[in-house]
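Raw contents of structure01.pdb, PDB, C-alpha atoms and all ligand atoms:
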```pdb
ATOM      1  CA  MET A  23     182.681  64.695  82.875  1.00  0.00           C
ATOM      2  CA  LEU A  24     179.136  63.683  82.092  1.00  0.00           C
ATOM      3  CA  LEU A  25     176.468  66.353  81.842  1.00  0.00           C
ATOM      4  CA  PRO A  26     175.520  67.995  85.144  1.00  0.00           C
ATOM      5  CA  HIS A  27     172.587  66.324  86.929  1.00  0.00           C
ATOM      6  CA  LEU A  28     170.352  67.688  89.719  1.00  0.00           C
ATOM      7  CA  SER A  29     169.582  65.393  92.666  1.00  0.00           C
ATOM      8  CA  SER A  30     165.828  64.983  93.006  1.00  0.00           C
ATOM      9  CA  THR A  31     165.841  63.702  96.589  1.00  0.00           C
ATOM     10  CA  ASP A  32     168.068  63.439  99.684  1.00  0.00           C
ATOM     11  CA  CYS A  33     170.102  60.247  99.524  1.00  0.00           C
ATOM     12  CA  THR A  34     173.316  58.566 100.674  1.00  0.00           C
ATOM     13  CA  ILE A  35     175.652  56.904  98.173  1.00  0.00           C
ATOM     14  CA  GLU A  36     178.727  54.995  99.394  1.00  0.00           C
ATOM     15  CA  GLY A  37     178.546  56.926 102.688  1.00  0.00           C
ATOM     16  CA  TYR A  38     178.262  60.327 101.052  1.00  0.00           C
ATOM     17  CA  ASP A  39     175.161  62.369 101.963  1.00  0.00           C
ATOM     18  CA  ILE A  40     173.722  64.009  98.882  1.00  0.00           C
ATOM     19  CA  PRO A  41     171.098  66.653  99.564  1.00  0.00           C
ATOM     20  CA  ARG A  42     168.145  67.262  97.275  1.00  0.00           C
ATOM     21  CA  GLY A  43     168.610  70.024  94.692  1.00  0.00           C
ATOM     22  CA  ILE A  44     172.402  69.802  94.398  1.00  0.00           C
ATOM     23  CA  ILE A  45     174.256  69.709  91.062  1.00  0.00           C
ATOM     24  CA  LEU A  46     176.175  66.457  90.556  1.00  0.00           C
ATOM     25  CA  LEU A  47     179.043  65.958  88.146  1.00  0.00           C
ATOM     26  CA  VAL A  48     180.132  62.390  87.325  1.00  0.00           C
ATOM     27  CA  ASN A  49     183.771  62.000  86.355  1.00  0.00           C
ATOM     28  CA  ALA A  50     183.497  59.219  83.754  1.00  0.00           C
ATOM     29  CA  TRP A  51     187.144  59.746  82.780  1.00  0.00           C
ATOM     30  CA  ALA A  52     188.290  58.785  86.306  1.00  0.00           C
ATOM     31  CA  ILE A  53     185.832  55.861  86.536  1.00  0.00           C
ATOM     32  CA  HIS A  54     187.252  54.419  83.306  1.00  0.00           C
ATOM     33  CA  ARG A  55     190.775  54.666  84.735  1.00  0.00           C
ATOM     34  CA  ASN A  56     190.073  53.422  88.245  1.00  0.00           C
ATOM     35  CA  PRO A  57     192.761  50.790  89.017  1.00  0.00           C
ATOM     36  CA  MET A  58     190.377  49.205  91.547  1.00  0.00           C
ATOM     37  CA  LEU A  59     188.035  48.356  88.663  1.00  0.00           C
ATOM     38  CA  TRP A  60     190.384  47.673  85.747  1.00  0.00           C
ATOM     39  CA  ASP A  61     193.566  45.690  85.149  1.00  0.00           C
ATOM     40  CA  GLU A  62     196.244  47.955  83.651  1.00  0.00           C
ATOM     41  CA  ALA A  63     193.751  50.801  83.903  1.00  0.00           C
ATOM     42  CA  GLU A  64     195.849  53.221  81.839  1.00  0.00           C
ATOM     43  CA  ASN A  65     196.291  50.849  78.900  1.00  0.00           C
ATOM     44  CA  PHE A  66     194.132  50.749  75.775  1.00  0.00           C
ATOM     45  CA  LYS A  67     192.455  47.324  75.981  1.00  0.00           C
ATOM     46  CA  PRO A  68     189.067  47.571  74.277  1.00  0.00           C
ATOM     47  CA  GLU A  69     188.493  43.831  74.726  1.00  0.00           C
ATOM     48  CA  ARG A  70     187.917  44.490  78.421  1.00  0.00           C
ATOM     49  CA  PHE A  71     184.528  45.998  77.495  1.00  0.00           C
ATOM     50  CA  MET A  72     183.250  42.860  75.768  1.00  0.00           C
ATOM     51  CA  ASN A  73     180.163  41.310  77.283  1.00  0.00           C
ATOM     52  CA  LYS A  74     181.553  38.007  78.463  1.00  0.00           C
ATOM     53  CA  SER A  75     180.243  36.275  81.543  1.00  0.00           C
ATOM     54  CA  ASN A  76     183.791  35.206  82.444  1.00  0.00           C
ATOM     55  CA  ASN A  77     185.050  38.759  82.125  1.00  0.00           C
ATOM     56  CA  SER A  78     185.476  39.913  85.707  1.00  0.00           C
ATOM     57  CA  GLU A  79     187.188  43.160  84.775  1.00  0.00           C
ATOM     58  CA  GLY A  80     185.296  46.175  85.976  1.00  0.00           C
ATOM     59  CA  ASP A  81     183.599  44.036  88.599  1.00  0.00           C
ATOM     60  CA  ASP A  82     183.152  46.124  91.730  1.00  0.00           C
ATOM     61  CA  GLY A  83     181.737  43.219  93.679  1.00  0.00           C
ATOM     62  CA  GLY A  84     178.257  43.949  92.436  1.00  0.00           C
ATOM     63  CA  GLY A  85     178.409  41.155  89.881  1.00  0.00           C
ATOM     64  CA  GLY A  86     178.945  43.475  86.936  1.00  0.00           C
ATOM     65  CA  ASP A  87     181.467  42.980  84.156  1.00  0.00           C
ATOM     66  CA  GLY A  88     183.608  45.240  82.011  1.00  0.00           C
ATOM     67  CA  PHE A  89     180.775  45.656  79.523  1.00  0.00           C
ATOM     68  CA  ASN A  90     178.397  46.997  82.150  1.00  0.00           C
ATOM     69  CA  LYS A  91     180.971  49.285  83.749  1.00  0.00           C
ATOM     70  CA  HIS A  92     181.817  50.926  80.432  1.00  0.00           C
ATOM     71  CA  MET A  93     179.799  54.131  80.183  1.00  0.00           C
ATOM     72  CA  PRO A  94     180.603  56.081  77.014  1.00  0.00           C
ATOM     73  CA  PHE A  95     176.991  57.267  76.964  1.00  0.00           C
ATOM     74  CA  GLY A  96     176.794  58.031  80.672  1.00  0.00           C
ATOM     75  CA  ARG A  97     173.537  56.858  82.162  1.00  0.00           C
ATOM     76  CA  ALA A  98     171.130  59.159  80.374  1.00  0.00           C
ATOM     77  CA  CYS A  99     171.915  59.529  76.664  1.00  0.00           C
ATOM     78  CA  PRO A 100     168.640  59.130  74.753  1.00  0.00           C
ATOM     79  CA  GLY A 101     170.577  58.834  71.471  1.00  0.00           C
ATOM     80  CA  ILE A 102     172.382  55.618  72.483  1.00  0.00           C
ATOM     81  CA  ASP A 103     170.495  53.238  70.142  1.00  0.00           C
ATOM     82  CA  LEU A 104     170.822  55.546  67.149  1.00  0.00           C
ATOM     83  CA  ALA A 105     174.478  56.307  67.905  1.00  0.00           C
ATOM     84  CA  GLN A 106     175.475  52.654  68.337  1.00  0.00           C
ATOM     85  CA  ARG A 107     173.897  51.735  65.002  1.00  0.00           C
ATOM     86  CA  VAL A 108     175.355  54.719  63.139  1.00  0.00           C
ATOM     87  CA  VAL A 109     178.857  54.205  64.567  1.00  0.00           C
ATOM     88  CA  GLY A 110     178.776  50.476  63.666  1.00  0.00           C
ATOM     89  CA  VAL A 111     177.532  51.070  60.117  1.00  0.00           C
ATOM     90  CA  THR A 112     179.960  53.957  59.524  1.00  0.00           C
ATOM     91  CA  LEU A 113     182.952  51.998  60.799  1.00  0.00           C
ATOM     92  CA  GLY A 114     181.909  48.958  58.761  1.00  0.00           C
ATOM     93  CA  CYS A 115     181.604  51.072  55.579  1.00  0.00           C
ATOM     94  CA  LEU A 116     185.009  52.691  56.112  1.00  0.00           C
ATOM     95  CA  ILE A 117     186.679  49.292  56.574  1.00  0.00           C
ATOM     96  CA  GLN A 118     184.787  47.589  53.748  1.00  0.00           C
ATOM     97  CA  CYS A 119     185.224  50.357  51.158  1.00  0.00           C
ATOM     98  CA  PHE A 120     188.797  51.521  51.773  1.00  0.00           C
ATOM     99  CA  ASP A 121     192.274  50.110  52.366  1.00  0.00           C
ATOM    100  CA  TRP A 122     193.877  51.871  55.323  1.00  0.00           C
ATOM    101  CA  GLU A 123     197.526  52.409  56.124  1.00  0.00           C
ATOM    102  CA  ARG A 124     199.300  54.338  58.835  1.00  0.00           C
ATOM    103  CA  VAL A 125     201.683  57.052  57.660  1.00  0.00           C
ATOM    104  CA  THR A 126     204.291  56.210  60.317  1.00  0.00           C
ATOM    105  CA  GLU A 127     204.011  52.436  60.639  1.00  0.00           C
ATOM    106  CA  ASP A 128     207.155  51.826  62.673  1.00  0.00           C
ATOM    107  CA  GLU A 129     206.269  54.163  65.537  1.00  0.00           C
ATOM    108  CA  ASP A 130     203.951  53.274  68.428  1.00  0.00           C
ATOM    109  CA  ILE A 131     200.693  55.198  68.419  1.00  0.00           C
ATOM    110  CA  ASP A 132     200.899  58.061  70.914  1.00  0.00           C
ATOM    111  CA  MET A 133     197.744  57.773  73.031  1.00  0.00           C
ATOM    112  CA  SER A 134     198.382  60.967  75.063  1.00  0.00           C
ATOM    113  CA  GLU A 135     195.319  63.089  75.608  1.00  0.00           C
ATOM    114  CA  GLY A 136     195.032  66.731  74.647  1.00  0.00           C
ATOM    115  CA  LYS A 137     192.819  69.298  76.356  1.00  0.00           C
ATOM    116  CA  GLY A 138     189.121  69.520  75.585  1.00  0.00           C
ATOM    117  CA  VAL A 139     185.705  68.224  76.512  1.00  0.00           C
ATOM    118  CA  THR A 140     185.757  65.528  73.829  1.00  0.00           C
ATOM    119  CA  MET A 141     189.199  64.202  74.835  1.00  0.00           C
ATOM    120  CA  PRO A 142     191.107  64.905  71.611  1.00  0.00           C
ATOM    121  CA  LYS A 143     194.401  63.113  71.022  1.00  0.00           C
ATOM    122  CA  LEU A 144     197.474  65.244  71.698  1.00  0.00           C
ATOM    123  CA  VAL A 145     199.230  63.860  68.622  1.00  0.00           C
ATOM    124  CA  LEU A 146     196.851  63.262  65.743  1.00  0.00           C
ATOM    125  CA  LEU A 147     196.893  59.812  64.172  1.00  0.00           C
ATOM    126  CA  LYS A 148     197.626  60.208  60.467  1.00  0.00           C
ATOM    127  CA  ALA A 149     196.353  57.556  58.089  1.00  0.00           C
ATOM    128  CA  MET A 150     196.183  57.080  54.318  1.00  0.00           C
ATOM    129  CA  PHE A 151     193.357  55.328  52.584  1.00  0.00           C
ATOM    130  CA  LYS A 152     192.522  54.297  49.052  1.00  0.00           C
ATOM    131  CA  ALA A 153     189.310  52.924  47.646  1.00  0.00           C
ATOM    132  CA  ARG A 154     189.199  49.130  47.371  1.00  0.00           C
ATOM    133  CA  PRO A 155     188.767  47.849  43.772  1.00  0.00           C
ATOM    134  CA  ILE A 156     185.106  46.948  44.418  1.00  0.00           C
ATOM    135  CA  MET A 157     184.448  50.657  44.999  1.00  0.00           C
ATOM    136  CA  ASN A 158     185.331  51.480  41.367  1.00  0.00           C
ATOM    137  CA  THR A 159     182.565  49.132  40.241  1.00  0.00           C
ATOM    138  CA  VAL A 160     180.061  50.531  42.744  1.00  0.00           C
ATOM    139  CA  LEU A 161     180.902  54.189  42.039  1.00  0.00           C
ATOM    140  CA  SER A 162     180.893  53.762  38.246  1.00  0.00           C
ATOM    141  CA  LYS A 163     177.380  52.257  38.534  1.00  0.00           C
ATOM    142  CA  PHE A 164     176.283  55.411  40.424  1.00  0.00           C
ATOM    143  CA  ALA A 165     178.013  57.661  37.874  1.00  0.00           C
ATOM    144  CA  ASN A 166     176.314  55.900  34.956  1.00  0.00           C
ATOM    145  CA  ALA A 167     172.915  56.096  36.651  1.00  0.00           C
ATOM    146  CA  THR A 168     173.013  59.910  36.950  1.00  0.00           C
TER
HETATM  147  C1  LIG A 201     178.607  58.255  69.756  1.00  0.00           C
HETATM  148  C2  LIG A 201     177.608  59.110  69.990  1.00  0.00           C
HETATM  149  C3  LIG A 201     177.182  59.635  71.341  1.00  0.00           C
HETATM  150  C4  LIG A 201     177.839  59.633  72.545  1.00  0.00           C
HETATM  151  C5  LIG A 201     179.238  59.085  72.873  1.00  0.00           C
HETATM  152  C6  LIG A 201     176.968  60.285  73.510  1.00  0.00           C
HETATM  153  C7  LIG A 201     177.272  60.476  74.841  1.00  0.00           C
HETATM  154  C8  LIG A 201     176.455  61.132  75.753  1.00  0.00           C
HETATM  155  C9  LIG A 201     176.774  61.331  77.144  1.00  0.00           C
HETATM  156  C10 LIG A 201     178.061  60.847  77.858  1.00  0.00           C
HETATM  157  C11 LIG A 201     175.756  62.004  77.704  1.00  0.00           C
HETATM  158  C12 LIG A 201     175.648  62.433  79.194  1.00  0.00           C
HETATM  159  C13 LIG A 201     174.829  61.376  79.897  1.00  0.00           C
HETATM  160  C14 LIG A 201     174.827  61.530  81.417  1.00  0.00           C
HETATM  161  O1  LIG A 201     175.088  62.621  81.923  1.00  0.00           O
HETATM  162  O2  LIG A 201     174.585  60.522  82.120  1.00  0.00           O
HETATM  163  C15 LIG A 201     174.779  62.252  76.671  1.00  0.00           C
HETATM  164  C16 LIG A 201     173.598  62.935  76.860  1.00  0.00           C
HETATM  165  C17 LIG A 201     172.709  63.213  75.853  1.00  0.00           C
HETATM  166  N1  LIG A 201     172.760  62.748  74.553  1.00  0.00           N
HETATM  167 FE1  LIG A 201     174.220  61.626  73.738  1.00  0.00          FE
HETATM  168  N2  LIG A 201     175.792  60.647  72.884  1.00  0.00           N
HETATM  169  C18 LIG A 201     175.886  60.269  71.561  1.00  0.00           C
HETATM  170  C19 LIG A 201     174.908  60.417  70.601  1.00  0.00           C
HETATM  171  C20 LIG A 201     173.701  61.062  70.775  1.00  0.00           C
HETATM  172  C21 LIG A 201     172.663  61.188  69.755  1.00  0.00           C
HETATM  173  C22 LIG A 201     172.759  60.566  68.343  1.00  0.00           C
HETATM  174  C23 LIG A 201     171.671  61.909  70.314  1.00  0.00           C
HETATM  175  C24 LIG A 201     170.358  62.348  69.733  1.00  0.00           C
HETATM  176  C25 LIG A 201     169.845  61.914  68.583  1.00  0.00           C
HETATM  177  C26 LIG A 201     172.053  62.232  71.671  1.00  0.00           C
HETATM  178  C27 LIG A 201     171.319  62.980  72.552  1.00  0.00           C
HETATM  179  C28 LIG A 201     171.655  63.241  73.873  1.00  0.00           C
HETATM  180  C29 LIG A 201     170.867  64.071  74.782  1.00  0.00           C
HETATM  181  C30 LIG A 201     169.567  64.832  74.443  1.00  0.00           C
HETATM  182  C31 LIG A 201     171.527  64.062  76.029  1.00  0.00           C
HETATM  183  C32 LIG A 201     171.096  64.772  77.334  1.00  0.00           C
HETATM  184  C33 LIG A 201     170.243  63.808  78.139  1.00  0.00           C
HETATM  185  C34 LIG A 201     169.784  64.393  79.470  1.00  0.00           C
HETATM  186  O3  LIG A 201     170.619  64.888  80.254  1.00  0.00           O
HETATM  187  O4  LIG A 201     168.583  64.351  79.748  1.00  0.00           O
HETATM  188  N3  LIG A 201     173.294  61.698  71.931  1.00  0.00           N
HETATM  189  N4  LIG A 201     175.225  61.708  75.500  1.00  0.00           N
END
```
Since I need it in another form, could you write the structure as structure tokens?
Ligand code: HEM
Amino acid sequence: MLLPHLSSTDCTIEGYDIPRGIILLVNAWAIHRNPMLWDEAENFKPERFMNKSNNSEGDDGGGGDGFNKHMPFGRACPGIDLAQRVVGVTLGCLIQCFDWERVTEDEDIDMSEGKGVTMPKLVLLKAMFKARPIMNTVLSKFANAT
């Protein structure tokens, strides 16, 4: 669920009359799993959110694509630009600085969802990491500088 919003005026959306002053809750979870919008809606296919003009997934007839129908930030998160940069840089650092391995490599990853507002995984994904050799050089430079 996105954050609650208050309708500022009477309006009709998709045939539903929405009076002014009513609290609206948008179920982003259901929108992201709507089989009318997505192929294999229940499957983890992050490539469907890429901004390709030939990507018709998520198209509701309005000319949109999977990229535009993906709403991890809802429609009103003022932190979107900061968050997208920080997530990209953080992920890049983790991949560049460490070698990652799964603890149980032969098993499929269990994508079941647990309970909670932030959609935690039911079964945690365990991973091991070790610093890449370049990190020893970088860290020893920091250590020597202090
Ligand atoms: C990966 C990081 C983030 C995600 C996934 C995220 C997601 C969201 C979502 C889904 C909403 C509800 C939007 C709606 O109801 O349409 C929201 C609202 C909001 N977010 Fe974020 N957000 C993130 C980072 C941030 C950051 C970094 C800031 C501030 C620096 C921020 C500030 C806010 C605020 C103030 C609201 C309430 C906006 C309002 O209702 O007027 N968020 N965010």
Self-check item: Hits of the PyMOL selection byres (((chain A and resi 119-128) around 6) and not hetatm) in this structure, as a list in words
Solution: Cys115, Leu116, Ile117, Gln118, Glu129, Lys148, Ala149, Met150, Phe151, Lys152, Ala153 and Arg154 of chain A
Please dump the current selection as a PDB file, in the coordinates of the input; keep C-alpha atoms.
```pdb
ATOM      1  CA  CYS A 115     181.604  51.072  55.579  1.00  0.00           C
ATOM      2  CA  LEU A 116     185.009  52.691  56.112  1.00  0.00           C
ATOM      3  CA  ILE A 117     186.679  49.292  56.574  1.00  0.00           C
ATOM      4  CA  GLN A 118     184.787  47.589  53.748  1.00  0.00           C
ATOM      5  CA  GLU A 129     206.269  54.163  65.537  1.00  0.00           C
ATOM      6  CA  LYS A 148     197.626  60.208  60.467  1.00  0.00           C
ATOM      7  CA  ALA A 149     196.353  57.556  58.089  1.00  0.00           C
ATOM      8  CA  MET A 150     196.183  57.080  54.318  1.00  0.00           C
ATOM      9  CA  PHE A 151     193.357  55.328  52.584  1.00  0.00           C
ATOM     10  CA  LYS A 152     192.522  54.297  49.052  1.00  0.00           C
ATOM     11  CA  ALA A 153     189.310  52.924  47.646  1.00  0.00           C
ATOM     12  CA  ARG A 154     189.199  49.130  47.371  1.00  0.00           C
TER      13      ARG A 154
END
```
Exercise. Using only C-alpha atoms and all ligand atoms, find each protein or nucleic acid residue lying at most 12 Å from ligand LIG 201 (chain A); present the set as number ranges by chain.
Key: A: 23-28, 45-51, 92-110, 112-113, 139-141
Residues of the last selection are to be written out with C-alpha atoms, as a tab-separated table (two decimals), in the coordinates of the input.
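Result file follows (result26.tsv):
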```tsv
chain	number	residue	atom	x	y	z
A	23	MET	CA	182.68	64.69	82.88
A	24	LEU	CA	179.14	63.68	82.09
A	25	LEU	CA	176.47	66.35	81.84
A	26	PRO	CA	175.52	68.00	85.14
A	27	HIS	CA	172.59	66.32	86.93
A	28	LEU	CA	170.35	67.69	89.72
A	45	ILE	CA	174.26	69.71	91.06
A	46	LEU	CA	176.18	66.46	90.56
A	47	LEU	CA	179.04	65.96	88.15
A	48	VAL	CA	180.13	62.39	87.32
A	49	ASN	CA	183.77	62.00	86.36
A	50	ALA	CA	183.50	59.22	83.75
A	51	TRP	CA	187.14	59.75	82.78
A	92	HIS	CA	181.82	50.93	80.43
A	93	MET	CA	179.80	54.13	80.18
A	94	PRO	CA	180.60	56.08	77.01
A	95	PHE	CA	176.99	57.27	76.96
A	96	GLY	CA	176.79	58.03	80.67
A	97	ARG	CA	173.54	56.86	82.16
A	98	ALA	CA	171.13	59.16	80.37
A	99	CYS	CA	171.92	59.53	76.66
A	100	PRO	CA	168.64	59.13	74.75
A	101	GLY	CA	170.58	58.83	71.47
A	102	ILE	CA	172.38	55.62	72.48
A	103	ASP	CA	170.50	53.24	70.14
A	104	LEU	CA	170.82	55.55	67.15
A	105	ALA	CA	174.48	56.31	67.90
A	106	GLN	CA	175.48	52.65	68.34
A	107	ARG	CA	173.90	51.74	65.00
A	108	VAL	CA	175.36	54.72	63.14
A	109	VAL	CA	178.86	54.20	64.57
A	110	GLY	CA	178.78	50.48	63.67
A	112	THR	CA	179.96	53.96	59.52
A	113	LEU	CA	182.95	52.00	60.80
A	139	VAL	CA	185.70	68.22	76.51
A	140	THR	CA	185.76	65.53	73.83
A	141	MET	CA	189.20	64.20	74.83
```
Quiz prompt | Who sits within 7 Å of range 132-135 of chain A, all atoms listed in the file, same chain under 5 positions skipped, as a PyMOL selection string | solution = chain A and resi 141-145
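The space separating CA of Ser29 in chain A from CA of His54 in chain A comes to 22.8 Å.
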Exercise. Tell me, in Å to one decimal, how far CA of Asn65 in chain A is from CA of Lys137 in chain A.
Key: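 These atoms are spaced 18.9 Å apart.
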Quiz prompt | Between CA of Thr31 in chain A and CA of Leu59 in chain A, distance in Å (one decimal) | solution = 28.1 Å
Would you mind completing range 121-142 of chain A to N, CA and C atoms and writing the output as a short mmCIF file (atom, residue, chain, number, x, y, z; two decimals), keeping the file's coordinate frame?
```
data_model
loop_
_atom_site.label_atom_id
_atom_site.label_comp_id
_atom_site.auth_asym_id
_atom_site.auth_seq_id
_atom_site.Cartn_x
_atom_site.Cartn_y
_atom_site.Cartn_z
N ASP A 121 191.07 50.70 51.78
CA ASP A 121 192.27 50.11 52.37
C ASP A 121 192.96 51.19 53.19
N TRP A 122 193.29 50.86 54.43
CA TRP A 122 193.88 51.87 55.32
C TRP A 122 195.32 51.55 55.63
N GLU A 123 196.13 52.58 55.71
CA GLU A 123 197.53 52.41 56.12
C GLU A 123 197.94 53.56 57.02
N ARG A 124 198.76 53.24 58.02
CA ARG A 124 199.30 54.34 58.84
C ARG A 124 200.43 55.02 58.08
N VAL A 125 200.61 56.31 58.32
CA VAL A 125 201.68 57.05 57.66
C VAL A 125 203.03 56.68 58.28
N THR A 126 203.05 56.57 59.62
CA THR A 126 204.29 56.21 60.32
C THR A 126 204.11 54.84 60.96
N GLU A 127 204.34 53.79 60.17
CA GLU A 127 204.01 52.44 60.64
C GLU A 127 204.94 51.92 61.73
N ASP A 128 206.20 52.40 61.73
CA ASP A 128 207.16 51.83 62.67
C ASP A 128 207.06 52.42 64.07
N GLU A 129 206.36 53.55 64.21
CA GLU A 129 206.27 54.16 65.54
C GLU A 129 205.02 53.67 66.27
N ASP A 130 205.14 53.58 67.63
CA ASP A 130 203.95 53.27 68.43
C ASP A 130 202.97 54.44 68.32
N ILE A 131 201.69 54.12 68.45
CA ILE A 131 200.69 55.20 68.42
C ILE A 131 200.73 55.93 69.76
N ASP A 132 200.87 57.25 69.70
CA ASP A 132 200.90 58.06 70.91
C ASP A 132 199.46 58.28 71.38
N MET A 133 199.13 57.69 72.54
CA MET A 133 197.74 57.77 73.03
C MET A 133 197.54 58.94 74.01
N SER A 134 198.53 59.86 74.11
CA SER A 134 198.38 60.97 75.06
C SER A 134 197.14 61.80 74.73
N GLU A 135 196.54 62.30 75.80
CA GLU A 135 195.32 63.09 75.61
C GLU A 135 195.62 64.57 75.57
N GLY A 136 194.94 65.28 74.68
CA GLY A 136 195.03 66.73 74.65
C GLY A 136 193.97 67.32 75.56
N LYS A 137 193.83 68.65 75.50
CA LYS A 137 192.82 69.30 76.36
C LYS A 137 191.52 69.45 75.58
N GLY A 138 190.40 69.32 76.26
CA GLY A 138 189.12 69.52 75.58
C GLY A 138 188.07 68.59 76.13
N VAL A 139 186.82 68.98 75.95
CA VAL A 139 185.70 68.22 76.51
C VAL A 139 185.58 66.86 75.83
N THR A 140 185.93 66.79 74.55
CA THR A 140 185.76 65.53 73.83
C THR A 140 187.02 64.67 73.83
N MET A 141 187.96 64.98 74.69
CA MET A 141 189.20 64.20 74.83
C MET A 141 189.95 63.99 73.52
N PRO A 142 190.35 65.08 72.86
CA PRO A 142 191.11 64.90 71.61
C PRO A 142 192.48 64.30 71.87
#
```
